[in-house]
Structures are given as C-alpha cells and as structure tokens.
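Dumped input_17.txt below, it's compact mmCIF, C-alpha atoms:
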```
# COMPACT_ATOMS: atom_id res chain seq x y z
CA TYR A 1 0.00 0.00 0.00
CA GLN A 2 1.23 3.49 -0.69
CA ARG A 3 1.88 5.96 2.05
CA ARG A 4 1.52 9.58 1.23
CA VAL A 5 4.53 11.52 2.46
CA ARG A 6 3.71 15.00 3.68
CA ALA A 7 6.25 17.69 2.96
CA PRO A 8 8.39 18.29 6.05
CA HIS A 9 6.97 21.05 8.21
CA LYS A 10 9.67 23.15 9.80
CA ARG A 11 9.27 22.79 13.52
CA THR A 12 10.29 25.91 15.34
CA ARG A 13 10.53 25.63 19.04
CA VAL A 14 7.90 27.51 20.97
CA ILE A 15 10.41 28.78 23.51
CA ALA A 16 13.03 31.00 21.93
CA SER A 17 16.47 31.44 23.41
CA GLN A 18 16.77 34.71 25.30
CA ASP A 19 20.34 34.40 26.42
CA GLU A 20 23.01 35.64 23.99
CA ASP A 21 25.73 34.12 26.12
CA LEU A 22 24.23 30.69 25.63
CA GLU A 23 25.64 30.32 22.15
CA LYS A 24 29.22 30.82 23.27
CA HIS A 25 29.07 27.85 25.62
CA ILE A 26 27.30 25.37 23.37
CA VAL A 27 29.49 22.65 21.90
CA THR A 28 28.98 19.87 19.38
CA PRO A 29 30.82 16.55 18.99
CA GLY A 30 34.47 17.17 18.23
CA ASP A 31 34.48 20.82 19.39
CA VAL A 32 37.47 21.75 21.54
CA ILE A 33 36.45 22.80 25.06
CA THR A 34 39.85 23.74 26.46
CA GLN A 35 43.55 23.30 25.74
CA ASN A 36 44.26 23.00 29.45
CA LEU A 37 44.77 19.31 30.26
CA ASP A 38 44.64 19.91 34.01
CA PHE A 39 40.88 19.53 34.07
CA MET A 40 39.25 16.27 35.12
CA LYS A 41 37.05 14.96 32.35
CA SER A 42 33.48 13.99 33.18
CA HIS A 43 30.41 13.06 31.11
CA GLY A 44 30.41 14.14 27.50
CA THR A 45 34.11 14.90 27.14
CA MET A 46 37.13 13.11 25.77
CA LEU A 47 40.85 13.57 25.33
CA GLY A 48 41.58 14.79 21.81
CA ASN A 49 44.95 15.75 20.34
CA ASP A 50 46.38 17.91 23.16
CA ASN A 51 43.00 19.23 24.14
CA ILE A 52 39.76 18.28 25.82
CA SER A 53 36.92 18.04 23.34
CA SER A 54 33.22 17.33 23.53
CA THR A 55 31.53 14.10 22.46
CA VAL A 56 27.92 15.27 22.62
CA ALA A 57 25.88 18.31 21.68
CA GLY A 58 25.19 20.37 24.78
CA ALA A 59 26.29 23.06 27.23
CA ILE A 60 29.70 23.25 28.93
CA HIS A 61 29.64 22.80 32.66
CA LYS A 62 32.79 23.69 34.60
CA VAL A 63 32.97 23.33 38.36
CA ASP A 64 36.43 23.94 39.83
CA LYS A 65 38.61 21.43 38.02
CA LEU A 66 35.83 19.23 36.70
CA VAL A 67 34.60 19.78 33.17
CA SER A 68 31.61 18.08 31.58
CA VAL A 69 29.12 18.66 28.80
CA ARG A 70 25.43 18.57 29.68
CA SER A 71 23.88 16.85 26.71
CA VAL A 72 20.64 18.18 25.31
CA SER A 73 19.31 14.71 24.61
CA SER A 74 20.27 11.62 26.55
CA ARG A 75 18.73 8.56 28.11
CA TYR A 76 16.97 8.84 31.43
CA ARG A 77 19.52 8.59 34.23
CA GLY A 78 17.32 8.29 37.30
CA GLU A 79 17.36 9.81 40.75
CA VAL A 80 16.17 8.48 44.08
CA GLY A 81 12.54 9.43 44.62
CA ASP A 82 11.56 9.72 40.96
CA ILE A 83 8.28 8.19 39.94
CA VAL A 84 8.66 6.02 36.87
CA VAL A 85 6.36 4.11 34.59
CA GLY A 86 7.85 0.97 33.12
CA ARG A 87 7.10 -2.22 31.28
CA VAL A 88 8.01 -5.58 32.79
CA THR A 89 10.44 -7.43 30.52
CA GLU A 90 11.51 -10.43 32.61
CA VAL A 91 10.38 -12.39 35.64
CA GLN A 92 13.46 -13.65 37.49
CA GLN A 93 14.06 -15.52 40.72
CA LYS A 94 13.03 -12.96 43.31
CA LYS A 95 12.71 -9.90 41.15
CA TRP A 96 11.24 -8.43 38.01
CA LYS A 97 13.20 -6.62 35.33
CA VAL A 98 11.45 -3.48 34.11
CA ASP A 99 12.19 -1.38 31.05
CA CYS A 100 12.24 2.30 32.06
CA GLY A 101 13.98 3.80 29.07
CA SER A 102 17.35 4.06 30.82
CA ARG A 103 20.59 2.36 29.84
CA LEU A 104 19.83 -0.77 31.82
CA ASP A 105 16.54 -2.36 32.80
CA CYS A 106 15.38 -1.46 36.32
CA GLN A 107 15.08 -4.03 39.06
CA LEU A 108 11.92 -4.50 41.11
CA GLN A 109 12.49 -6.78 44.08
CA LEU A 110 9.75 -9.11 45.25
CA SER A 111 10.31 -7.88 48.80
CA SER A 112 9.44 -4.29 47.94
CA VAL A 113 6.02 -4.96 46.50
CA TYR A 114 2.60 -4.82 48.16
CA LEU A 115 0.57 -7.99 47.64
CA PRO A 116 -3.03 -7.74 46.47
CA GLY A 117 -5.21 -6.65 49.36
CA ASN A 118 -2.71 -4.01 50.50
CA VAL A 119 -0.64 -6.54 52.36
CA LEU A 120 3.05 -6.00 53.07
CA ARG A 121 4.56 -9.07 54.58
CA ARG A 122 7.62 -11.25 54.29
CA LYS A 123 7.37 -13.15 51.04
CA ASN A 124 7.62 -16.94 51.18
CA LEU A 125 8.28 -19.62 48.59
CA ASN A 126 4.65 -19.63 47.51
CA ASP A 127 4.80 -15.95 46.66
CA GLU A 128 7.93 -16.55 44.65
CA LEU A 129 6.19 -19.15 42.54
CA MET A 130 3.21 -16.85 42.03
CA MET A 131 5.26 -13.88 40.81
CA ARG A 132 3.75 -14.06 37.38
CA GLU A 133 0.30 -13.64 38.88
CA TYR A 134 1.27 -10.23 40.15
CA PHE A 135 3.25 -8.83 37.24
CA ALA A 136 3.85 -10.75 34.03
CA GLU A 137 6.01 -9.84 31.04
CA GLY A 138 4.49 -6.93 29.16
CA ASP A 139 2.59 -5.40 32.09
CA LEU A 140 2.88 -1.68 32.71
CA ILE A 141 3.71 -0.67 36.23
CA CYS A 142 4.16 2.55 38.15
CA ALA A 143 6.83 2.62 40.86
CA GLU A 144 9.33 4.83 42.63
CA VAL A 145 13.12 4.77 42.33
CA SER A 146 14.74 3.66 45.57
CA GLU A 147 18.37 3.29 44.55
CA VAL A 148 20.71 4.22 41.73
CA GLY A 149 23.56 1.74 41.21
CA ASN A 150 27.00 3.25 41.66
CA LEU A 151 28.94 1.44 38.99
CA ASP A 152 26.46 0.83 36.22
CA GLY A 153 23.59 3.22 36.94
CA MET A 154 21.02 0.43 37.23
CA LEU A 155 17.90 1.63 39.00
CA LYS A 156 16.14 -0.24 41.76
CA ILE A 157 12.47 0.57 42.03
CA HIS A 158 9.89 -0.15 44.69
CA MET A 159 6.24 0.41 45.44
CA ARG A 160 5.93 2.34 48.62
CA THR A 161 2.20 2.79 49.11
CA HIS A 162 -0.69 0.91 47.69
CA GLU A 163 -2.92 3.67 46.36
CA LYS A 164 -0.76 4.96 43.56
CA TYR A 165 1.83 2.38 42.61
CA GLY A 166 1.12 -0.95 41.03
CA LYS A 167 0.00 -2.44 37.77
CA LEU A 168 -1.58 0.00 35.35
CA PRO A 169 -4.85 -1.03 33.70
CA GLU A 170 -5.92 -0.28 30.13
CA GLY A 171 -4.64 3.03 28.88
CA VAL A 172 -2.16 4.64 26.50
CA LEU A 173 1.59 4.83 27.01
CA ILE A 174 3.47 7.69 25.33
CA LYS A 175 7.25 7.79 25.31
CA VAL A 176 8.50 11.32 25.64
CA PRO A 177 12.07 12.70 26.02
CA SER A 178 12.71 12.54 29.78
CA VAL A 179 14.01 16.12 29.78
CA LEU A 180 10.52 17.35 29.00
CA ILE A 181 8.96 16.08 32.23
CA LYS A 182 9.06 18.96 34.67
CA ARG A 183 10.13 17.95 38.16
CA SER A 184 7.32 18.58 40.61
CA LYS A 185 5.83 17.19 43.82
CA LEU A 186 3.04 15.37 42.08
CA HIS A 187 3.36 13.12 39.09
CA PHE A 188 0.11 11.27 39.43
CA HIS A 189 -2.73 13.51 38.26
CA ARG A 190 -6.44 12.75 38.41
CA LEU A 191 -7.83 15.19 35.90
CA PRO A 192 -11.36 16.59 36.13
CA CYS A 193 -12.17 15.20 32.68
CA ASN A 194 -12.33 11.69 34.18
CA ALA A 195 -8.90 10.62 33.05
CA THR A 196 -5.69 10.00 34.94
CA VAL A 197 -2.29 11.11 33.67
CA ILE A 198 0.90 9.72 35.18
CA LEU A 199 3.97 11.72 34.17
CA GLY A 200 6.82 9.31 34.77
CA SER A 201 10.14 11.09 35.29
CA ASN A 202 11.67 8.65 32.83
CA GLY A 203 9.59 10.12 30.06
CA PHE A 204 6.97 7.38 29.98
CA VAL A 205 3.59 9.07 30.23
CA TRP A 206 0.50 6.99 30.90
CA VAL A 207 -3.00 8.26 30.18
CA GLY A 208 -6.01 6.23 31.19
CA PRO A 209 -9.18 6.00 33.22
CA HIS A 210 -9.30 6.61 36.98
CA PHE A 211 -8.30 3.45 38.80
CA VAL A 212 -7.35 1.96 42.14
CA PRO A 213 -4.57 -0.64 41.86
CA ASP A 214 -5.71 -4.27 41.92
CA GLN A 215 -9.36 -3.40 41.64
CA PRO A 216 -11.06 -4.25 38.37
CA ILE A 217 -12.22 -1.28 36.32
CA GLU A 218 -15.44 -1.16 34.37
CA VAL A 219 -15.43 -1.11 30.58
CA VAL A 220 -14.10 2.22 29.36
CA SER A 221 -16.92 4.16 27.65
CA MET A 222 -16.66 5.73 24.20
CA THR A 223 -16.60 9.30 25.50
CA LEU A 224 -13.83 8.45 27.94
CA ARG A 225 -11.83 6.83 25.14
CA GLU A 226 -12.18 10.04 23.14
CA THR A 227 -11.04 12.07 26.12
CA ILE A 228 -8.01 9.86 26.56
CA ALA A 229 -7.18 10.04 22.84
CA ARG A 230 -7.51 13.82 22.94
CA LEU A 231 -5.18 14.05 25.94
CA VAL A 232 -2.68 11.82 24.17
CA ASN A 233 -2.70 14.01 21.07
CA VAL A 234 -2.33 17.17 23.16
CA ILE A 235 0.68 15.68 24.94
CA LYS A 236 2.18 14.68 21.60
CA ALA A 237 1.65 18.24 20.31
CA LEU A 238 3.32 19.80 23.34
CA VAL A 239 6.26 17.40 23.06
CA ALA A 240 6.70 18.00 19.33
CA TYR A 241 7.28 21.69 20.00
CA GLY A 242 9.58 21.18 22.97
CA VAL A 243 7.23 22.34 25.73
CA GLN A 244 7.81 20.91 29.21
CA LEU A 245 4.96 18.81 30.55
CA PHE A 246 3.15 19.33 33.82
CA ASP A 247 -0.50 18.99 34.83
CA THR A 248 -1.74 22.56 34.29
CA ILE A 249 -0.27 22.89 30.84
CA ILE A 250 -1.82 19.61 29.76
CA LEU A 251 -5.21 20.81 31.01
CA THR A 252 -4.76 24.15 29.23
CA GLY A 253 -3.86 22.32 26.05
CA TYR A 254 -6.88 20.08 26.48
CA ASP A 255 -9.22 23.09 26.79
CA ILE A 256 -7.71 24.71 23.72
CA SER A 257 -8.01 21.50 21.75
CA LEU A 258 -11.74 21.14 22.39
CA LYS A 259 -12.60 23.18 19.30
CA TYR A 260 -10.90 20.63 17.04
CA LYS A 261 -11.92 17.06 16.37
CA VAL A 262 -9.62 14.50 17.98
CA LYS A 263 -8.09 13.34 14.70
CA GLU A 264 -7.45 16.92 13.54
CA LEU A 265 -5.03 17.24 16.43
CA LEU A 266 -2.52 15.18 14.46
CA LYS A 267 -1.99 17.91 11.85
CA SER A 268 1.23 19.92 12.24
CA GLU A 269 -0.47 23.33 12.08
CA VAL A 270 -2.95 22.40 14.79
CA MET A 271 -0.19 20.93 16.97
CA GLU A 272 1.81 24.12 16.62
CA HIS A 273 -1.21 26.23 17.53
CA ILE A 274 -1.94 24.19 20.66
CA ALA A 275 1.69 24.18 21.80
CA GLN A 276 2.07 27.90 21.23
CA GLU A 277 -1.12 28.87 23.04
CA SER A 278 -0.63 26.48 25.96
CA TYR A 279 2.87 27.80 26.51
CA GLU A 280 1.74 31.43 26.41
CA HIS A 281 -1.11 30.66 28.78
CA SER A 282 1.21 29.02 31.29
CA GLN A 283 3.60 31.98 31.09
CA HIS A 284 0.77 34.38 31.90
CA GLN A 285 -0.34 32.25 34.81
CA THR A 286 3.05 32.23 36.45
CA LEU A 287 3.48 35.98 36.13
CA CYS B 1 21.48 -2.93 19.52
CA LYS B 2 19.87 0.03 17.85
CA GLN B 3 17.92 0.33 14.65
CA TRP B 4 17.54 3.29 12.43
CA TYR B 5 15.98 3.71 9.04
CA GLN B 6 15.79 6.48 6.49
CA ARG B 7 13.12 7.53 4.10
CA ARG B 8 13.99 8.97 0.69
CA VAL B 9 11.87 11.93 -0.34
CA ARG B 10 13.73 12.96 -3.48
CA GLU B 11 16.77 11.42 -5.17
CA ASP B 12 19.38 13.15 -7.24
CA GLY B 13 22.57 11.18 -6.80
CA GLY B 14 24.80 10.77 -3.76
CA GLU B 15 22.49 8.50 -1.76
CA ARG B 16 25.30 6.81 0.11
CA CYS B 17 26.72 10.18 1.21
CA VAL B 18 23.34 11.46 2.29
CA ALA B 19 22.76 8.27 4.26
CA ILE B 20 26.02 8.73 6.15
CA ASN B 21 25.45 12.43 6.82
CA ALA B 22 21.90 11.82 7.95
CA THR B 23 23.01 9.02 10.27
CA THR B 24 25.59 11.32 11.87
CA LEU B 25 22.88 13.86 12.56
CA ALA B 26 20.56 11.19 13.93
CA LEU B 27 23.21 9.93 16.35
CA ILE B 28 23.97 13.45 17.55
CA ASN B 29 20.24 14.03 17.96
CA ALA B 30 19.98 10.92 20.11
CA GLY B 31 22.79 12.07 22.37
CA ILE B 32 25.12 9.19 21.61
CA PRO B 33 28.72 10.25 22.37
CA MET B 34 30.85 10.56 19.24
CA LYS B 35 34.47 11.48 18.67
CA ASP B 36 33.60 13.74 15.77
CA TYR B 37 31.15 14.17 12.90
CA VAL B 38 31.35 11.66 10.06
CA CYS B 39 30.77 13.50 6.81
CA ALA B 40 30.66 11.96 3.37
CA CYS B 41 31.16 13.46 -0.04
CA ALA B 42 31.33 11.97 -3.52
CA ALA B 43 33.46 13.09 -6.43
CA THR B 44 34.29 12.21 -9.99
CA VAL B 45 36.96 13.21 -12.46
CA TYR B 46 35.94 14.69 -15.80
CA GLN B 47 38.51 15.91 -18.29
CA ASP B 48 41.20 16.25 -15.64
CA SER B 49 39.13 18.36 -13.26
CA VAL B 50 37.54 17.09 -10.06
CA LEU B 51 33.75 17.44 -9.71
CA LEU B 52 32.47 17.37 -6.13
CA ASP B 53 29.03 16.39 -4.82
CA ILE B 54 27.91 14.71 -8.01
CA ASN B 55 24.30 14.33 -9.05
CA ASN B 56 22.46 11.56 -10.87
CA LEU B 57 23.51 12.70 -14.32
CA GLU B 58 27.19 12.93 -13.39
CA GLU B 59 27.00 9.55 -11.63
CA SER B 60 25.70 7.82 -14.73
CA SER B 61 28.69 8.97 -16.80
CA ARG B 62 31.45 6.43 -17.21
CA GLY B 63 33.85 8.33 -14.95
CA PRO B 64 35.06 7.12 -11.57
CA LEU B 65 32.70 7.34 -8.60
CA PHE B 66 34.80 8.17 -5.57
CA MET B 67 33.19 8.46 -2.16
CA LEU B 68 34.92 9.35 1.08
CA ALA B 69 33.56 9.33 4.62
CA VAL B 70 35.80 11.45 6.79
CA MET B 71 36.06 12.72 10.37
CA PRO B 72 36.76 16.34 9.42
CA ARG B 73 38.56 17.67 12.46
CA THR B 74 41.34 15.12 12.27
CA ASP B 75 41.00 14.50 8.51
CA SER B 76 40.92 10.77 9.17
CA ILE B 77 39.28 8.71 6.47
CA VAL B 78 36.61 6.38 7.82
CA GLN B 79 35.45 4.85 4.56
CA LEU B 80 36.58 5.03 0.97
CA GLN B 81 34.57 3.65 -1.93
CA LEU B 82 35.54 3.66 -5.57
CA ASP B 83 33.40 2.51 -8.46
CA HIS B 84 34.63 2.21 -12.04
CA ARG B 85 38.25 3.13 -12.67
CA LEU B 86 40.33 6.03 -11.44
CA HIS B 87 43.75 6.78 -12.93
CA ASN B 88 46.57 6.87 -10.37
CA ASP B 89 47.64 10.34 -11.54
CA HIS B 90 44.32 11.77 -10.37
CA LEU B 91 44.28 10.05 -6.97
CA ASP B 92 46.03 12.69 -4.84
CA LYS B 93 44.00 15.51 -6.31
CA VAL B 94 40.69 13.73 -5.82
CA VAL B 95 41.43 12.74 -2.22
CA LYS B 96 42.47 16.29 -1.33
CA GLU B 97 39.42 17.90 -2.93
CA THR B 98 37.01 15.38 -1.46
CA ILE B 99 38.39 15.84 2.05
CA GLN B 100 37.87 19.57 1.62
CA GLY B 101 34.32 18.84 0.45
CA CYS B 102 33.70 16.80 3.60
CA ARG B 103 35.03 19.65 5.74
CA ASP B 104 32.60 22.01 4.03
CA ILE B 105 29.73 19.64 4.68
CA GLN B 106 30.74 19.47 8.34
CA VAL B 107 30.51 23.26 8.58
CA LEU B 108 26.98 23.16 7.18
CA LEU B 109 25.90 20.32 9.47
CA ASP B 110 27.50 21.97 12.50
CA ARG B 111 25.61 25.19 11.86
CA GLN B 112 22.29 23.35 12.03
CA VAL B 113 23.30 21.23 15.03
CA LYS B 114 24.41 24.31 16.97
CA GLU B 115 21.14 26.06 16.17
CA TRP B 116 19.16 23.03 17.34
CA THR B 117 21.27 22.66 20.49
CA VAL B 118 20.87 26.31 21.46
CA GLU B 119 17.09 26.12 21.05
CA ALA B 120 16.84 22.84 22.94
CA ALA B 121 19.11 24.05 25.76
CA ALA B 122 16.92 27.13 26.16
CA ALA B 123 13.73 25.06 26.12
CA TYR B 124 14.96 22.35 28.49
CA GLU B 125 16.62 24.88 30.79
CA ILE B 126 20.10 23.44 30.47
CA LYS B 127 22.32 26.29 31.55
CA PRO B 128 26.06 26.32 30.92
CA ARG B 129 28.33 27.01 33.82
CA VAL B 130 31.81 28.28 33.14
```

Translate the structure described by the file into structure tokens.
Amino acid sequence: YQRRVRAPHKRTRVIASQDEDLEKHIVTPGDVITQNLDFMKSHGTMLGNDNISSTVAGAIHKVDKLVSVRSVSSRYRGEVGDIVVGRVTEVQQKKWKVDCGSRLDCQLQLSSVYLPGNVLRRKNLNDELMMREYFAEGDLICAEVSEVGNLDGMLKIHMRTHEKYGKLPEGVLIKVPSVLIKRSKLHFHRLPCNATVILGSNGFVWVGPHFVPDQPIEVVSMTLRETIARLVNVIKALVAYGVQLFDTIILTGYDISLKYKVKELLKSEVMEHIAQESYEHSQHQTL
Amino acid sequence: CKQWYQRRVREDGGERCVAINATTLALINAGIPMKDYVCACAATVYQDSVLLDINNLEESSRGPLFMLAVMPRTDSIVQLQLDHRLHNDHLDKVVKETIQGCRDIQVLLDRQVKEWTVEAAAAYEIKPRV
C-alpha cells in the first residue's frame, strides 16, 4: 500500500532562546572545550589531540577542576525518589526486570512490593512461585526509584504505598524525552475530565481512566476513550514543539483543543497552535 | 542494539553520502557520544578536473565514482569507496578535494546542530556554567 509523504513542516521551538551568552558555551561533537589538560574529564568529554573536546551536543559545565558537557538529549539517568512508569520485561528468581527507558533495565524486588489486598509481609516460597500472577512480562507498572547503582547506573524501584503504585490497567503509554517532564511534587494527576495522567520522570507518560490498583475497572466508555485520545494528542503536540509537561499545561492544552476534532489534532499546524497557546497561557499564569 | 531507518523523499545522486550524513545527525540528535562528525562526499573526475558532490547525471557517466567518509577535524578517512576506474595520476588531487568537500559539509551540518542545540538548551533549561 502506498503511504503519502507529507512535505516536512519546519518545527520551530515555541520557547526562543533569550540568552546571547548561551551560544558561546554550546558545543557539538568534536568541538574543543579547552587546551588545558589539568581539568578532570566527566560526562560528554574526551581527550583529543592535546585538548579536551566534547563528544555530545550540549552546554559546557565547569565546576572547579571538573569539566563536563550537559547533553541536550540523553537517556533517562534516574534519581532516588523519581516516579517512573515501566514495562516488565523479565520475571526472574526474586525480582522483576522493568524497562524504564534508561541504559539498563530497572530491578523490582519481590520484597518491595505490596501484595493484592494491601498486604506488606515477608514473602515466602509460595509468593515466589506466584510472581507471574502479580506482574507478568508486558505489564505496565508505576513505581518509585529507591536506589541508583554506583557502577552501572542500574535503578532499583519499589512500590511504597498501595494507592498509587502498582499495575496500570488499560490506557495509553506515550514515550517522551525525559528532559521534558518537569520535576514537581506530584506526578500522578487525576484530571477533572475523568482521566488520569501519570507523568513518569523517565519520560513514559500513561493516560487512562481513573483506577485503584488491583481493583477491576469497568469497561471504558466511548466518550472516555475520546477524552483519553484527545489528551494523548495534546501531549504529543506539546512534546513536538519542545514544551515541558506538567499537569496545568496539559489541562490548558486540552481546553484549547476542544474546538478541534480528535483526529485533527494530528496535523502539524494544529499541533503548533496548541503548543504555542498552551505555553503562552502558562507563562501568563506564572506571572 | 539500535535500529535506524531512512526515508527517501527525493533522489538526485549521492544516496550513500546522504545516508552517512543523515546518520551522523541522527546519532547526535539521540545524544550518543561521538568522537567527531562523520561526513561523506562523492566526487568524480571529468577531463582532468575534479567534480564534487555529483548528481544523478554525473554519476551515470562512465567516470570514476569516488566516495569518502571522513572525520573532518582530524582528517581521518573512515570509509573510501571507488566505483569504475580512477587513474593513479588523479588520486592525490581527488582525495584532497574530497576531504575539503567533507570539511565544508561538516561546517553546514554543524551550523544546524548548533542552532538546534541552542534552542533545545533554552527550552529544556540546560544552563552552561563556566
């Protein structure tokens, strides 16, 4: 079957750079950062011919004698306390391996999980054999990062309370650059339009119906499916134009998008309009 | 293991070079650390003069098709491809001109990458500290 290719639409970022100094300190792969070899080299740098040069595209970061380049796009690194959404890839002896979009799969120990019925107790052999009943390969889960490995950066995740963390029911998962998720106190948002949005710090965003973990949900109605699809398209529009995601801007975008049909939200001009207006709205609100 | 694929919108010669240049940009976009850009340029020799960045018509002539992929800042050749026959007398000249062509392409690519990086750094609030 033939796919019609649309002409590329130039995507200009909604947020323009206001700092003239910024350009002087931006480097690209191969650019020389300094000729002084006394510096200690950290992330994003390498030893070139008699100089220290950059290996990524980003901003120079010098602290005392340590020089690094903060890359503009990189995989999610993880910090203790982050809320992440991930997909279970493996069920191992006493733990699950979860894909969180970082360099290595995260580890979810059997001992750090609440059993159905909000029970936290010492797990016995029976529980170990029933691991697949709780989370099987391919399930989406929401958890919190408890540890970041020193040597390899592997994340250990756990589920601290019962109400928010656990297996996610039917919904939509959107993978977004992790840089675009704004750090805030709340990542789990129950929106007034009957949908829930979980903004995982790893860039995995889940949109779905309201739910309580381990309790069965009723069949999702057609109007709710449309709402979820609309939210998904709004998030995609914001991401395409480089706007950081947080709950109020998603709601603003949702309100602006109500005048279009859900499928119209996939057009570049409409996406640009939504991103532009949502961003301006959020700027006015903070002022 | 990563996968990447490219979609051709319009073709006018030099597909291998475009593929290499586009892959370099894609890797930089993904934040994968690289020693340097890898830029590719193709050339041919016609009546003793070197033609750089050849198009479809020039490619279909019976002259040599010489392609170089180069890391421009150190002038190290990553890949060299030659189709048809190139006379030894022309070799030095062609290599020199093609390396210069790759350096020029790197300047063009770098301009765009810097523009993108500045915009992204402003949007994602990545501030330099010097």

Checklist entry - Between A:Met271, A:Leu266, A:Leu191, A:Val56, which one has atoms that come closest to Ser68 in chain A, using only C-alpha atoms? => result A:Val56

Item to check | At most 10 Å to chain A: residues in chain B, only C-alpha atoms, as a ChimeraX atom specification | outcome: /B:7-9,27-37,71-74,110-111,113-130

Quick one: write out the picked residues with C-alpha atoms as an mmCIF file, in the coordinates of the input?
```cif
data_model
loop_
_atom_site.group_PDB
_atom_site.id
_atom_site.type_symbol
_atom_site.label_atom_id
_atom_site.label_comp_id
_atom_site.auth_asym_id
_atom_site.auth_seq_id
_atom_site.Cartn_x
_atom_site.Cartn_y
_atom_site.Cartn_z
ATOM 1 C CA ARG B 7 13.120 7.530 4.100
ATOM 2 C CA ARG B 8 13.990 8.970 0.690
ATOM 3 C CA VAL B 9 11.870 11.930 -0.340
ATOM 4 C CA LEU B 27 23.210 9.930 16.350
ATOM 5 C CA ILE B 28 23.970 13.450 17.550
ATOM 6 C CA ASN B 29 20.240 14.030 17.960
ATOM 7 C CA ALA B 30 19.980 10.920 20.110
ATOM 8 C CA GLY B 31 22.790 12.070 22.370
ATOM 9 C CA ILE B 32 25.120 9.190 21.610
ATOM 10 C CA PRO B 33 28.720 10.250 22.370
ATOM 11 C CA MET B 34 30.850 10.560 19.240
ATOM 12 C CA LYS B 35 34.470 11.480 18.670
ATOM 13 C CA ASP B 36 33.600 13.740 15.770
ATOM 14 C CA TYR B 37 31.150 14.170 12.900
ATOM 15 C CA MET B 71 36.060 12.720 10.370
ATOM 16 C CA PRO B 72 36.760 16.340 9.420
ATOM 17 C CA ARG B 73 38.560 17.670 12.460
ATOM 18 C CA THR B 74 41.340 15.120 12.270
ATOM 19 C CA ASP B 110 27.500 21.970 12.500
ATOM 20 C CA ARG B 111 25.610 25.190 11.860
ATOM 21 C CA VAL B 113 23.300 21.230 15.030
ATOM 22 C CA LYS B 114 24.410 24.310 16.970
ATOM 23 C CA GLU B 115 21.140 26.060 16.170
ATOM 24 C CA TRP B 116 19.160 23.030 17.340
ATOM 25 C CA THR B 117 21.270 22.660 20.490
ATOM 26 C CA VAL B 118 20.870 26.310 21.460
ATOM 27 C CA GLU B 119 17.090 26.120 21.050
ATOM 28 C CA ALA B 120 16.840 22.840 22.940
ATOM 29 C CA ALA B 121 19.110 24.050 25.760
ATOM 30 C CA ALA B 122 16.920 27.130 26.160
ATOM 31 C CA ALA B 123 13.730 25.060 26.120
ATOM 32 C CA TYR B 124 14.960 22.350 28.490
ATOM 33 C CA GLU B 125 16.620 24.880 30.790
ATOM 34 C CA ILE B 126 20.100 23.440 30.470
ATOM 35 C CA LYS B 127 22.320 26.290 31.550
ATOM 36 C CA PRO B 128 26.060 26.320 30.920
ATOM 37 C CA ARG B 129 28.330 27.010 33.820
ATOM 38 C CA VAL B 130 31.810 28.280 33.140
#
```

Checklist entry - In Å, with one decimal, what is the gap from CA of Val38 in chain B to CA of Val70 in chain B? => result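 Rounded to one decimal, the two atoms are 5.5 Å apart.
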
Box centre and edge lengths (Å, one decimal), axis-aligned, range 42-51 of chain B plus 3 Å each side, as JSON:
```
{"center_x": 36.3, "center_y": 15.2, "center_z": -10.9, "size_x": 15.9, "size_y": 12.4, "size_z": 20.8}
```

Checklist entry - Any idea what's packed within 8 Å of range 106-114 of chain A, counting all atoms listed in the file, ignoring anything in its chain fewer than 5 positions away? Could you give it as a list in words? => result Lys94, Lys95, Trp96, Lys97, Val98, Asp99, Cys100, Val119, Leu120, Arg121, Arg122, Lys123, Glu128, Met131, Met154, Leu155, Lys156, Ile157, His158, Met159, Arg160, Thr161 and His162 of chain A

Checklist entry - In Å, how far is it from CA of Cys17 in chain B to CA of Ile52 in chain A? => result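 For CA of Cys17 in chain B relative to CA of Ile52 in chain A, the distance reads 29.0 Å.
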
Checklist entry - CA of Ile20 in chain B and CA of Tyr46 in chain B, how far apart in Å? => result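 Between these atoms lies a distance of 24.8 Å.
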
Next on the checklist: Just want the 8 Å neighbourhood of Asp53 in chain B, counted on only C-alpha atoms, with same-chain residues fewer than 4 positions away dropped. Output as a PyMOL selection string.
Outcome noted: chain B and resi 14+41-43+101
